[in-house]
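Engineer: Next comes run.cif, mmCIF, C-alpha atoms:
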data_run
#
loop_
_atom_site.group_PDB
_atom_site.id
_atom_site.type_symbol
_atom_site.label_atom_id
_atom_site.label_comp_id
_atom_site.auth_asym_id
_atom_site.auth_seq_id
_atom_site.Cartn_x
_atom_site.Cartn_y
_atom_site.Cartn_z
ATOM 1 C CA MET A 182 -93.708 -4.362 -25.818
ATOM 2 C CA ASN A 183 -90.842 -3.868 -28.243
ATOM 3 C CA ILE A 184 -88.291 -2.793 -25.653
ATOM 4 C CA ALA A 185 -84.658 -2.625 -26.750
ATOM 5 C CA PRO A 186 -82.707 -5.446 -25.160
ATOM 6 C CA TYR A 187 -79.638 -3.317 -24.505
ATOM 7 C CA GLU A 188 -79.135 0.331 -23.609
ATOM 8 C CA ARG A 189 -75.413 0.737 -23.202
ATOM 9 C CA LEU A 190 -72.893 -1.221 -25.250
ATOM 10 C CA LEU A 191 -69.161 -1.372 -24.824
ATOM 11 C CA LEU A 192 -67.077 -2.269 -27.844
ATOM 12 C CA ALA A 193 -63.497 -3.288 -27.230
ATOM 13 C CA VAL A 194 -61.601 -2.119 -30.319
ATOM 14 C CA ASP A 195 -58.080 -2.708 -31.510
ATOM 15 C CA PHE A 196 -58.376 -0.820 -34.837
ATOM 16 C CA ALA A 197 -57.231 -3.833 -36.872
ATOM 17 C CA PRO A 198 -58.766 -3.793 -40.392
ATOM 18 C CA GLU A 199 -60.093 -7.345 -40.013
ATOM 19 C CA THR A 200 -62.272 -6.248 -37.087
ATOM 20 C CA GLU A 201 -64.296 -3.936 -39.319
ATOM 21 C CA SER A 202 -67.123 -6.485 -39.315
ATOM 22 C CA VAL A 203 -67.162 -6.370 -35.505
ATOM 23 C CA VAL A 204 -67.385 -2.576 -35.566
ATOM 24 C CA ALA A 205 -70.171 -2.785 -38.135
ATOM 25 C CA ARG A 206 -72.089 -5.242 -35.954
ATOM 26 C CA ALA A 207 -71.709 -3.014 -32.908
ATOM 27 C CA GLN A 208 -72.978 -0.022 -34.852
ATOM 28 C CA GLN A 209 -75.913 -2.004 -36.198
ATOM 29 C CA LEU A 210 -76.859 -3.126 -32.680
ATOM 30 C CA THR A 211 -76.437 0.401 -31.341
ATOM 31 C CA ASP A 212 -78.678 1.846 -34.049
ATOM 32 C CA HIS A 213 -81.245 -0.899 -33.727
ATOM 33 C CA CYS A 214 -81.447 -0.625 -29.942
ATOM 34 C CA GLN A 215 -81.096 3.174 -30.021
ATOM 35 C CA ALA A 216 -78.430 2.507 -27.452
ATOM 36 C CA ARG A 217 -75.324 4.345 -26.320
ATOM 37 C CA LEU A 218 -72.055 2.979 -27.652
ATOM 38 C CA VAL A 219 -68.887 3.219 -25.582
ATOM 39 C CA LEU A 220 -65.571 2.601 -27.345
ATOM 40 C CA LEU A 221 -62.594 1.245 -25.448
ATOM 41 C CA HIS A 222 -59.081 0.643 -26.621
ATOM 42 C CA VAL A 223 -56.596 -0.829 -24.189
ATOM 43 C CA VAL A 224 -52.869 -0.275 -24.596
ATOM 44 C CA GLU A 225 -51.341 -3.323 -22.964
ATOM 45 C CA HIS A 226 -48.401 -2.923 -20.646
ATOM 46 C CA LEU A 227 -45.346 -4.051 -22.558
ATOM 47 C CA PRO A 228 -43.709 -7.178 -21.226
ATOM 48 C CA MET A 229 -40.314 -6.284 -19.734
ATOM 49 C CA SER A 230 -38.663 -8.931 -21.859
ATOM 50 C CA TYR A 231 -39.682 -7.051 -25.023
ATOM 51 C CA SER A 232 -38.852 -3.553 -23.961
ATOM 52 C CA GLY A 233 -35.480 -4.688 -22.675
ATOM 53 C CA ASP A 234 -34.574 -5.861 -26.175
ATOM 54 C CA LEU A 235 -35.563 -2.661 -27.913
ATOM 55 C CA ILE A 236 -32.961 -0.029 -28.576
ATOM 56 C CA LEU A 237 -34.749 3.245 -28.028
ATOM 57 C CA PRO A 238 -33.729 6.810 -27.240
ATOM 58 C CA ASP A 239 -33.515 7.420 -23.486
ATOM 59 C CA ASP A 240 -36.366 9.889 -23.545
ATOM 60 C CA PHE A 241 -38.618 7.675 -25.685
ATOM 61 C CA ASP A 242 -41.709 6.477 -23.844
ATOM 62 C CA LEU A 243 -43.009 3.621 -25.974
ATOM 63 C CA GLU A 244 -46.212 3.181 -23.983
ATOM 64 C CA GLN A 245 -47.020 6.866 -24.318
ATOM 65 C CA GLU A 246 -46.182 6.664 -28.006
ATOM 66 C CA LEU A 247 -48.673 3.815 -28.426
ATOM 67 C CA VAL A 248 -51.286 5.874 -26.622
ATOM 68 C CA GLU A 249 -50.713 8.739 -29.050
ATOM 69 C CA VAL A 250 -51.184 6.438 -32.047
ATOM 70 C CA ALA A 251 -54.312 5.003 -30.430
ATOM 71 C CA LYS A 252 -55.709 8.496 -29.877
ATOM 72 C CA LYS A 253 -55.531 9.239 -33.596
ATOM 73 C CA GLN A 254 -57.189 5.960 -34.477
ATOM 74 C CA MET A 255 -59.847 6.497 -31.826
ATOM 75 C CA THR A 256 -60.608 9.951 -33.201
ATOM 76 C CA ALA A 257 -61.058 8.560 -36.699
ATOM 77 C CA LEU A 258 -63.278 5.700 -35.499
ATOM 78 C CA GLY A 259 -65.258 7.798 -33.025
ATOM 79 C CA ASP A 260 -65.936 10.469 -35.640
ATOM 80 C CA ARG A 261 -67.007 7.875 -38.164
ATOM 81 C CA LEU A 262 -69.405 6.180 -35.725
ATOM 82 C CA ARG A 263 -70.526 9.524 -34.303
ATOM 83 C CA VAL A 264 -69.638 8.478 -30.775
ATOM 84 C CA PRO A 265 -69.426 11.466 -28.407
ATOM 85 C CA HIS A 266 -65.957 12.273 -27.077
ATOM 86 C CA GLU A 267 -66.836 11.268 -23.508
ATOM 87 C CA ASP A 268 -67.613 7.746 -24.725
ATOM 88 C CA ARG A 269 -64.184 7.213 -26.283
ATOM 89 C CA HIS A 270 -61.805 5.594 -23.833
ATOM 90 C CA ILE A 271 -58.128 4.746 -24.120
ATOM 91 C CA GLU A 272 -56.685 2.972 -21.114
ATOM 92 C CA ILE A 273 -53.360 1.400 -20.254
ATOM 93 C CA GLY A 274 -53.588 -1.986 -18.571
ATOM 94 C CA THR A 275 -54.565 -5.596 -19.062
ATOM 95 C CA THR A 276 -57.223 -5.806 -21.765
ATOM 96 C CA GLY A 277 -59.601 -8.231 -20.051
ATOM 97 C CA ARG A 278 -59.516 -6.609 -16.639
ATOM 98 C CA THR A 279 -59.767 -3.107 -18.084
ATOM 99 C CA ILE A 280 -62.861 -4.095 -20.089
ATOM 100 C CA LEU A 281 -64.466 -5.449 -16.907
ATOM 101 C CA ARG A 282 -63.583 -2.389 -14.804
ATOM 102 C CA LEU A 283 -64.883 0.160 -17.302
ATOM 103 C CA SER A 284 -68.017 -1.891 -18.048
ATOM 104 C CA ALA A 285 -68.860 -1.970 -14.344
ATOM 105 C CA GLU A 286 -68.094 1.738 -13.887
ATOM 106 C CA LEU A 287 -70.276 2.752 -16.816
ATOM 107 C CA LYS A 288 -73.019 0.201 -16.066
ATOM 108 C CA VAL A 289 -72.713 -1.287 -19.538
ATOM 109 C CA ASP A 290 -75.265 -4.012 -20.280
ATOM 110 C CA LEU A 291 -73.542 -5.644 -23.254
ATOM 111 C CA ILE A 292 -69.850 -6.092 -23.907
ATOM 112 C CA ILE A 293 -68.961 -6.715 -27.552
ATOM 113 C CA LEU A 294 -65.654 -8.407 -28.092
ATOM 114 C CA GLY A 295 -63.776 -7.274 -31.139
ATOM 115 C CA SER A 296 -61.092 -9.830 -31.622
ATOM 116 C CA HIS A 297 -58.735 -10.226 -34.523
ATOM 117 C CA GLY A 298 -56.336 -12.886 -35.682
ATOM 118 C CA ARG A 299 -53.848 -12.620 -32.879
ATOM 119 C CA HIS A 300 -56.408 -12.674 -30.076
ATOM 120 C CA GLY A 301 -59.029 -13.830 -32.518
ATOM 121 C CA LEU A 302 -61.791 -16.353 -32.464
ATOM 122 C CA ALA A 303 -59.417 -19.159 -33.327
ATOM 123 C CA ALA A 304 -57.909 -18.287 -29.974
ATOM 124 C CA LEU A 305 -61.033 -16.648 -28.583
ATOM 125 C CA LEU A 306 -60.668 -18.361 -25.309
ATOM 126 C CA GLY A 307 -57.367 -16.706 -24.757
ATOM 127 C CA SER A 308 -56.921 -14.761 -21.582
ATOM 128 C CA THR A 309 -58.928 -11.671 -22.610
ATOM 129 C CA ALA A 310 -62.055 -13.557 -23.602
ATOM 130 C CA ARG A 311 -61.776 -15.877 -20.638
ATOM 131 C CA THR A 312 -61.408 -12.970 -18.232
ATOM 132 C CA VAL A 313 -64.341 -11.089 -19.749
ATOM 133 C CA LEU A 314 -66.682 -14.073 -20.048
ATOM 134 C CA ASN A 315 -65.979 -15.306 -16.550
ATOM 135 C CA GLY A 316 -65.955 -11.931 -14.863
ATOM 136 C CA ALA A 317 -68.609 -9.830 -16.592
ATOM 137 C CA ASP A 318 -71.713 -8.770 -14.699
ATOM 138 C CA CYS A 319 -73.482 -8.248 -18.004
ATOM 139 C CA ASP A 320 -74.016 -10.116 -21.254
ATOM 140 C CA VAL A 321 -71.119 -10.701 -23.618
ATOM 141 C CA LEU A 322 -71.402 -10.889 -27.393
ATOM 142 C CA ALA A 323 -68.607 -12.636 -29.250
ATOM 143 C CA VAL A 324 -68.702 -11.446 -32.841
ATOM 144 C CA ARG A 325 -67.418 -13.917 -35.382
ATOM 145 C CA ILE A 326 -64.815 -12.557 -37.739
ATOM 146 C CA LYS A 327 -65.174 -14.035 -41.217
ATOM 147 C CA GLU A 328 -61.808 -15.123 -42.558
ATOM 148 C CA MET B 187 -80.798 2.118 -42.138
ATOM 149 C CA ASN B 188 -82.290 0.470 -39.077
ATOM 150 C CA ILE B 189 -81.681 -3.091 -40.190
ATOM 151 C CA ALA B 190 -82.099 -5.841 -37.587
ATOM 152 C CA PRO B 191 -78.716 -7.237 -36.655
ATOM 153 C CA TYR B 192 -79.961 -10.812 -36.455
ATOM 154 C CA GLU B 193 -82.578 -12.787 -38.327
ATOM 155 C CA ARG B 194 -82.420 -16.276 -36.922
ATOM 156 C CA LEU B 195 -81.574 -16.965 -33.291
ATOM 157 C CA LEU B 196 -80.923 -20.293 -31.651
ATOM 158 C CA LEU B 197 -81.519 -20.566 -27.925
ATOM 159 C CA ALA B 198 -80.051 -23.560 -26.153
ATOM 160 C CA VAL B 199 -82.458 -24.303 -23.303
ATOM 161 C CA ASP B 200 -82.280 -26.653 -20.364
ATOM 162 C CA PHE B 201 -85.624 -25.659 -18.742
ATOM 163 C CA ALA B 202 -83.964 -24.834 -15.400
ATOM 164 C CA PRO B 203 -85.918 -22.126 -13.523
ATOM 165 C CA GLU B 204 -82.786 -20.007 -13.069
ATOM 166 C CA THR B 205 -82.416 -19.686 -16.832
ATOM 167 C CA GLU B 206 -85.695 -17.788 -17.121
ATOM 168 C CA SER B 207 -83.740 -14.545 -17.539
ATOM 169 C CA VAL B 208 -81.913 -16.089 -20.497
ATOM 170 C CA VAL B 209 -85.206 -17.095 -22.087
ATOM 171 C CA ALA B 210 -86.569 -13.600 -21.472
ATOM 172 C CA ARG B 211 -83.516 -12.042 -23.116
ATOM 173 C CA ALA B 212 -83.834 -14.330 -26.135
ATOM 174 C CA GLN B 213 -87.497 -13.419 -26.510
ATOM 175 C CA GLN B 214 -86.728 -9.722 -26.184
ATOM 176 C CA LEU B 215 -84.057 -9.964 -28.889
ATOM 177 C CA THR B 216 -86.359 -12.004 -31.111
ATOM 178 C CA ASP B 217 -89.156 -9.454 -30.779
ATOM 179 C CA HIS B 218 -86.863 -6.510 -31.225
ATOM 180 C CA CYS B 219 -85.186 -7.951 -34.319
ATOM 181 C CA GLN B 220 -88.441 -9.440 -35.607
ATOM 182 C CA ALA B 221 -86.347 -12.543 -35.939
ATOM 183 C CA ARG B 222 -87.108 -16.246 -35.963
ATOM 184 C CA LEU B 223 -86.322 -18.083 -32.730
ATOM 185 C CA VAL B 224 -85.224 -21.699 -32.768
ATOM 186 C CA LEU B 225 -85.313 -23.628 -29.494
ATOM 187 C CA LEU B 226 -82.942 -26.497 -28.866
ATOM 188 C CA HIS B 227 -82.729 -28.839 -25.931
ATOM 189 C CA VAL B 228 -80.027 -31.473 -25.908
ATOM 190 C CA VAL B 229 -80.403 -34.679 -23.915
ATOM 191 C CA GLU B 230 -76.840 -35.653 -23.138
ATOM 192 C CA HIS B 231 -75.761 -39.247 -23.533
ATOM 193 C CA LEU B 232 -75.536 -40.724 -20.052
ATOM 194 C CA PRO B 233 -72.050 -41.664 -18.956
ATOM 195 C CA MET B 234 -71.798 -45.455 -18.701
ATOM 196 C CA SER B 235 -70.447 -45.154 -15.172
ATOM 197 C CA TYR B 236 -73.724 -43.557 -14.040
ATOM 198 C CA SER B 237 -76.154 -45.836 -15.776
ATOM 199 C CA GLY B 238 -74.243 -48.858 -14.540
ATOM 200 C CA ASP B 239 -74.899 -47.803 -10.952
ATOM 201 C CA LEU B 240 -78.629 -47.262 -11.398
ATOM 202 C CA ILE B 241 -81.015 -50.068 -10.572
ATOM 203 C CA LEU B 242 -83.694 -49.843 -13.215
ATOM 204 C CA PRO B 243 -86.274 -52.209 -14.679
ATOM 205 C CA ASP B 244 -84.894 -54.150 -17.648
ATOM 206 C CA ASP B 245 -87.253 -52.500 -20.097
ATOM 207 C CA PHE B 246 -86.618 -48.977 -18.805
ATOM 208 C CA ASP B 247 -84.920 -46.730 -21.347
ATOM 209 C CA LEU B 248 -83.642 -43.795 -19.304
ATOM 210 C CA GLU B 249 -82.513 -41.755 -22.303
ATOM 211 C CA GLN B 250 -85.905 -42.138 -23.957
ATOM 212 C CA GLU B 251 -87.546 -41.250 -20.644
ATOM 213 C CA LEU B 252 -85.508 -38.017 -20.484
ATOM 214 C CA VAL B 253 -86.574 -37.215 -24.036
ATOM 215 C CA GLU B 254 -90.238 -37.646 -23.036
ATOM 216 C CA VAL B 255 -89.814 -35.262 -20.091
ATOM 217 C CA ALA B 256 -88.019 -32.783 -22.347
ATOM 218 C CA LYS B 257 -90.850 -32.959 -24.891
ATOM 219 C CA LYS B 258 -93.367 -31.835 -22.265
ATOM 220 C CA GLN B 259 -91.142 -28.984 -21.141
ATOM 221 C CA MET B 260 -90.459 -27.978 -24.732
ATOM 222 C CA THR B 261 -94.193 -27.893 -25.465
ATOM 223 C CA ALA B 262 -94.814 -25.633 -22.490
ATOM 224 C CA LEU B 263 -91.936 -23.296 -23.369
ATOM 225 C CA GLY B 264 -92.629 -23.286 -27.108
ATOM 226 C CA ASP B 265 -96.311 -22.508 -26.545
ATOM 227 C CA ARG B 266 -95.465 -19.728 -24.117
ATOM 228 C CA LEU B 267 -92.962 -18.124 -26.520
ATOM 229 C CA ARG B 268 -95.204 -18.809 -29.509
ATOM 230 C CA VAL B 269 -92.432 -20.656 -31.332
ATOM 231 C CA PRO B 270 -93.769 -22.766 -34.227
ATOM 232 C CA HIS B 271 -93.489 -26.535 -33.777
ATOM 233 C CA GLU B 272 -90.896 -26.901 -36.529
ATOM 234 C CA ASP B 273 -88.564 -24.600 -34.591
ATOM 235 C CA ARG B 274 -88.614 -26.734 -31.434
ATOM 236 C CA HIS B 275 -85.778 -29.226 -31.429
ATOM 237 C CA ILE B 276 -84.899 -31.991 -28.997
ATOM 238 C CA GLU B 277 -81.719 -33.871 -29.819
ATOM 239 C CA ILE B 278 -79.678 -36.567 -28.136
ATOM 240 C CA GLY B 279 -75.940 -35.950 -28.156
ATOM 241 C CA THR B 280 -73.173 -33.758 -26.848
ATOM 242 C CA THR B 281 -74.596 -30.318 -26.078
ATOM 243 C CA GLY B 282 -71.846 -28.182 -27.626
ATOM 244 C CA ARG B 283 -71.481 -30.174 -30.813
ATOM 245 C CA THR B 284 -75.250 -30.493 -31.253
ATOM 246 C CA ILE B 285 -75.676 -26.721 -30.924
ATOM 247 C CA LEU B 286 -73.030 -26.191 -33.618
ATOM 248 C CA ARG B 287 -74.501 -28.780 -35.965
ATOM 249 C CA LEU B 288 -78.065 -27.480 -35.779
ATOM 250 C CA SER B 289 -76.940 -23.838 -35.987
ATOM 251 C CA ALA B 290 -75.060 -24.581 -39.190
ATOM 252 C CA GLU B 291 -77.943 -26.631 -40.633
ATOM 253 C CA LEU B 292 -80.482 -23.901 -39.932
ATOM 254 C CA LYS B 293 -78.148 -21.031 -40.895
ATOM 255 C CA VAL B 294 -78.601 -19.409 -37.507
ATOM 256 C CA ASP B 295 -76.855 -16.032 -37.156
ATOM 257 C CA LEU B 296 -76.824 -15.800 -33.359
ATOM 258 C CA ILE B 297 -76.464 -18.550 -30.791
ATOM 259 C CA ILE B 298 -77.716 -17.628 -27.325
ATOM 260 C CA LEU B 299 -76.275 -19.703 -24.549
ATOM 261 C CA GLY B 300 -78.660 -20.440 -21.748
ATOM 262 C CA SER B 301 -76.492 -21.741 -18.988
ATOM 263 C CA HIS B 302 -77.465 -22.473 -15.402
ATOM 264 C CA GLY B 303 -75.580 -23.234 -12.235
ATOM 265 C CA ARG B 304 -74.228 -26.584 -13.221
ATOM 266 C CA HIS B 305 -72.918 -25.473 -16.590
ATOM 267 C CA GLY B 306 -73.380 -21.852 -15.575
ATOM 268 C CA LEU B 307 -71.400 -18.716 -16.069
ATOM 269 C CA ALA B 308 -69.233 -19.481 -13.069
ATOM 270 C CA ALA B 309 -68.145 -22.409 -15.186
ATOM 271 C CA LEU B 310 -69.069 -20.800 -18.494
ATOM 272 C CA LEU B 311 -65.894 -21.873 -20.104
ATOM 273 C CA GLY B 312 -66.774 -25.462 -19.495
ATOM 274 C CA SER B 313 -66.806 -27.765 -22.463
ATOM 275 C CA THR B 314 -70.142 -26.624 -23.938
ATOM 276 C CA ALA B 315 -69.291 -22.936 -24.044
ATOM 277 C CA ARG B 316 -65.762 -23.631 -25.210
ATOM 278 C CA THR B 317 -67.004 -25.856 -28.019
ATOM 279 C CA VAL B 318 -69.627 -23.331 -29.127
ATOM 280 C CA LEU B 319 -67.407 -20.244 -28.890
ATOM 281 C CA ASN B 320 -64.524 -21.870 -30.693
ATOM 282 C CA GLY B 321 -66.578 -23.664 -33.317
ATOM 283 C CA ALA B 322 -69.459 -21.361 -34.200
ATOM 284 C CA ASP B 323 -69.647 -19.816 -37.653
ATOM 285 C CA CYS B 324 -71.923 -17.131 -36.267
ATOM 286 C CA ASP B 325 -72.019 -14.748 -33.316
ATOM 287 C CA VAL B 326 -72.483 -16.090 -29.812
ATOM 288 C CA LEU B 327 -74.262 -14.260 -27.003
ATOM 289 C CA ALA B 328 -73.485 -15.359 -23.462
ATOM 290 C CA VAL B 329 -76.344 -14.206 -21.256
ATOM 291 C CA ARG B 330 -75.402 -13.512 -17.662
ATOM 292 C CA ILE B 331 -77.567 -15.240 -15.099
ATOM 293 C CA LYS B 332 -78.082 -13.047 -12.056
ATOM 294 C CA GLU B 333 -77.565 -15.037 -8.877
#
Could I get this file's structure written as structure tokens?
Structural biologist:
Amino acid sequence: MNIAPYERLLLAVDFAPETESVVARAQQLTDHCQARLVLLHVVEHLPMSYSGDLILPDDFDLEQELVEVAKKQMTALGDRLRVPHEDRHIEIGTTGRTILRLSAELKVDLIILGSHGRHGLAALLGSTARTVLNGADCDVLAVRIKE
Amino acid sequence: MNIAPYERLLLAVDFAPETESVVARAQQLTDHCQARLVLLHVVEHLPMSYSGDLILPDDFDLEQELVEVAKKQMTALGDRLRVPHEDRHIEIGTTGRTILRLSAELKVDLIILGSHGRHGLAALLGSTARTVLNGADCDVLAVRIKE
């Protein structure tokens, strides 16, 4: 009767060093539940007001550039956590809604929120957390980042 | 390297039948982590506007009456989950702040929110959840109640 509470976890990662404790917690839960861990990084659409102010070469695609950087970070993290390639996701969109969409698609049963300073627990109930907590069909674990 | 992610869980219970899935999840996590489970029920202070409208005998203490009802429900739940008596808590106060206080006192490492319709996930980011998520020194698990 010692059934693992969760089988498929989704960890929303932003690769910030201060979220290492969140990654560690996700790995611990994955190991302990012998679960499958899905990694998701969302590249947010850039607000027009920002991109309009940047002076960039005509052929420079900033969003695509951010995706390329994310791919390298995802490879490093995925390799370290031994997450299979098909469970490493990089998406462009709104973080909260993208987390919900992928979690539903993959029938995830626990979403783990990795949040750092900017979107961090001090501001946990920012739009991402609010969207995920209100909209998720599964459980949501908010991991506390120690300052 | 299969260390349990959590050692001491606090489940906020309101004894509503629809929160049975939350209780089940807490028990599953407790078993799986071989953790200690602390049960907490908070009897909220009654708003003056309500109690002023109630016609009650002079010697009737409604708050105390609610505590007595809660004690019976806590006994039934605690016995069923085999939670030792010292880990069954009934407190009078504000739910969110009481959860935070007891969690800190008992050095809980995971707070599990049992929320039903009234304070439920549809309104998860009501004051209790907001208080707990913003103020907790530990992780918080929001368990989805299936409608």
Engineer: Can you translate the PyMOL selection byres ((chain A and resi 285-293) around 6) into the concrete residues it hits in this file, as a list of chain:residue names?
Structural biologist: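 For this structure, the PyMOL selection byres ((chain A and resi 285-293) around 6) captures A:Arg189, A:Leu190, A:Leu191, A:Leu192, A:Arg282, A:Leu283, A:Ser284, A:Leu294, A:Cys319, A:Asp320, A:Val321, A:Leu322.
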Engineer: Please indicate the distance in Å from atom CA of Arg325 of chain A to atom CA of Gly277 of chain A, rounded to one decimal place.
Structural biologist: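 Separating atom CA of Arg325 of chain A from atom CA of Gly277 of chain A is a distance of 18.1 Å.
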Engineer: What is the distance, in Å and to one decimal place, between atom CA of Glu188 of chain A and atom CA of Val264 of chain A?
Structural biologist: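 Between atom CA of Glu188 of chain A and atom CA of Val264 of chain A the gap works out to 14.4 Å.
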Engineer: If the PyMOL selection byres ((chain B and resi 278-281) around 6) were run on this exact file, what residues would it hold? Put them as a VMD selection string.
Structural biologist: chain B and resid 228 to 231 277 282 to 284
Engineer: So, counting only C-alpha atoms, which residue among B:Leu252, B:Val209, B:Ala315, B:Leu215 is closest to chain A?
Structural biologist: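 Among B:Leu252, B:Val209, B:Ala315, B:Leu215, it is B:Leu215 that comes nearest to chain A.
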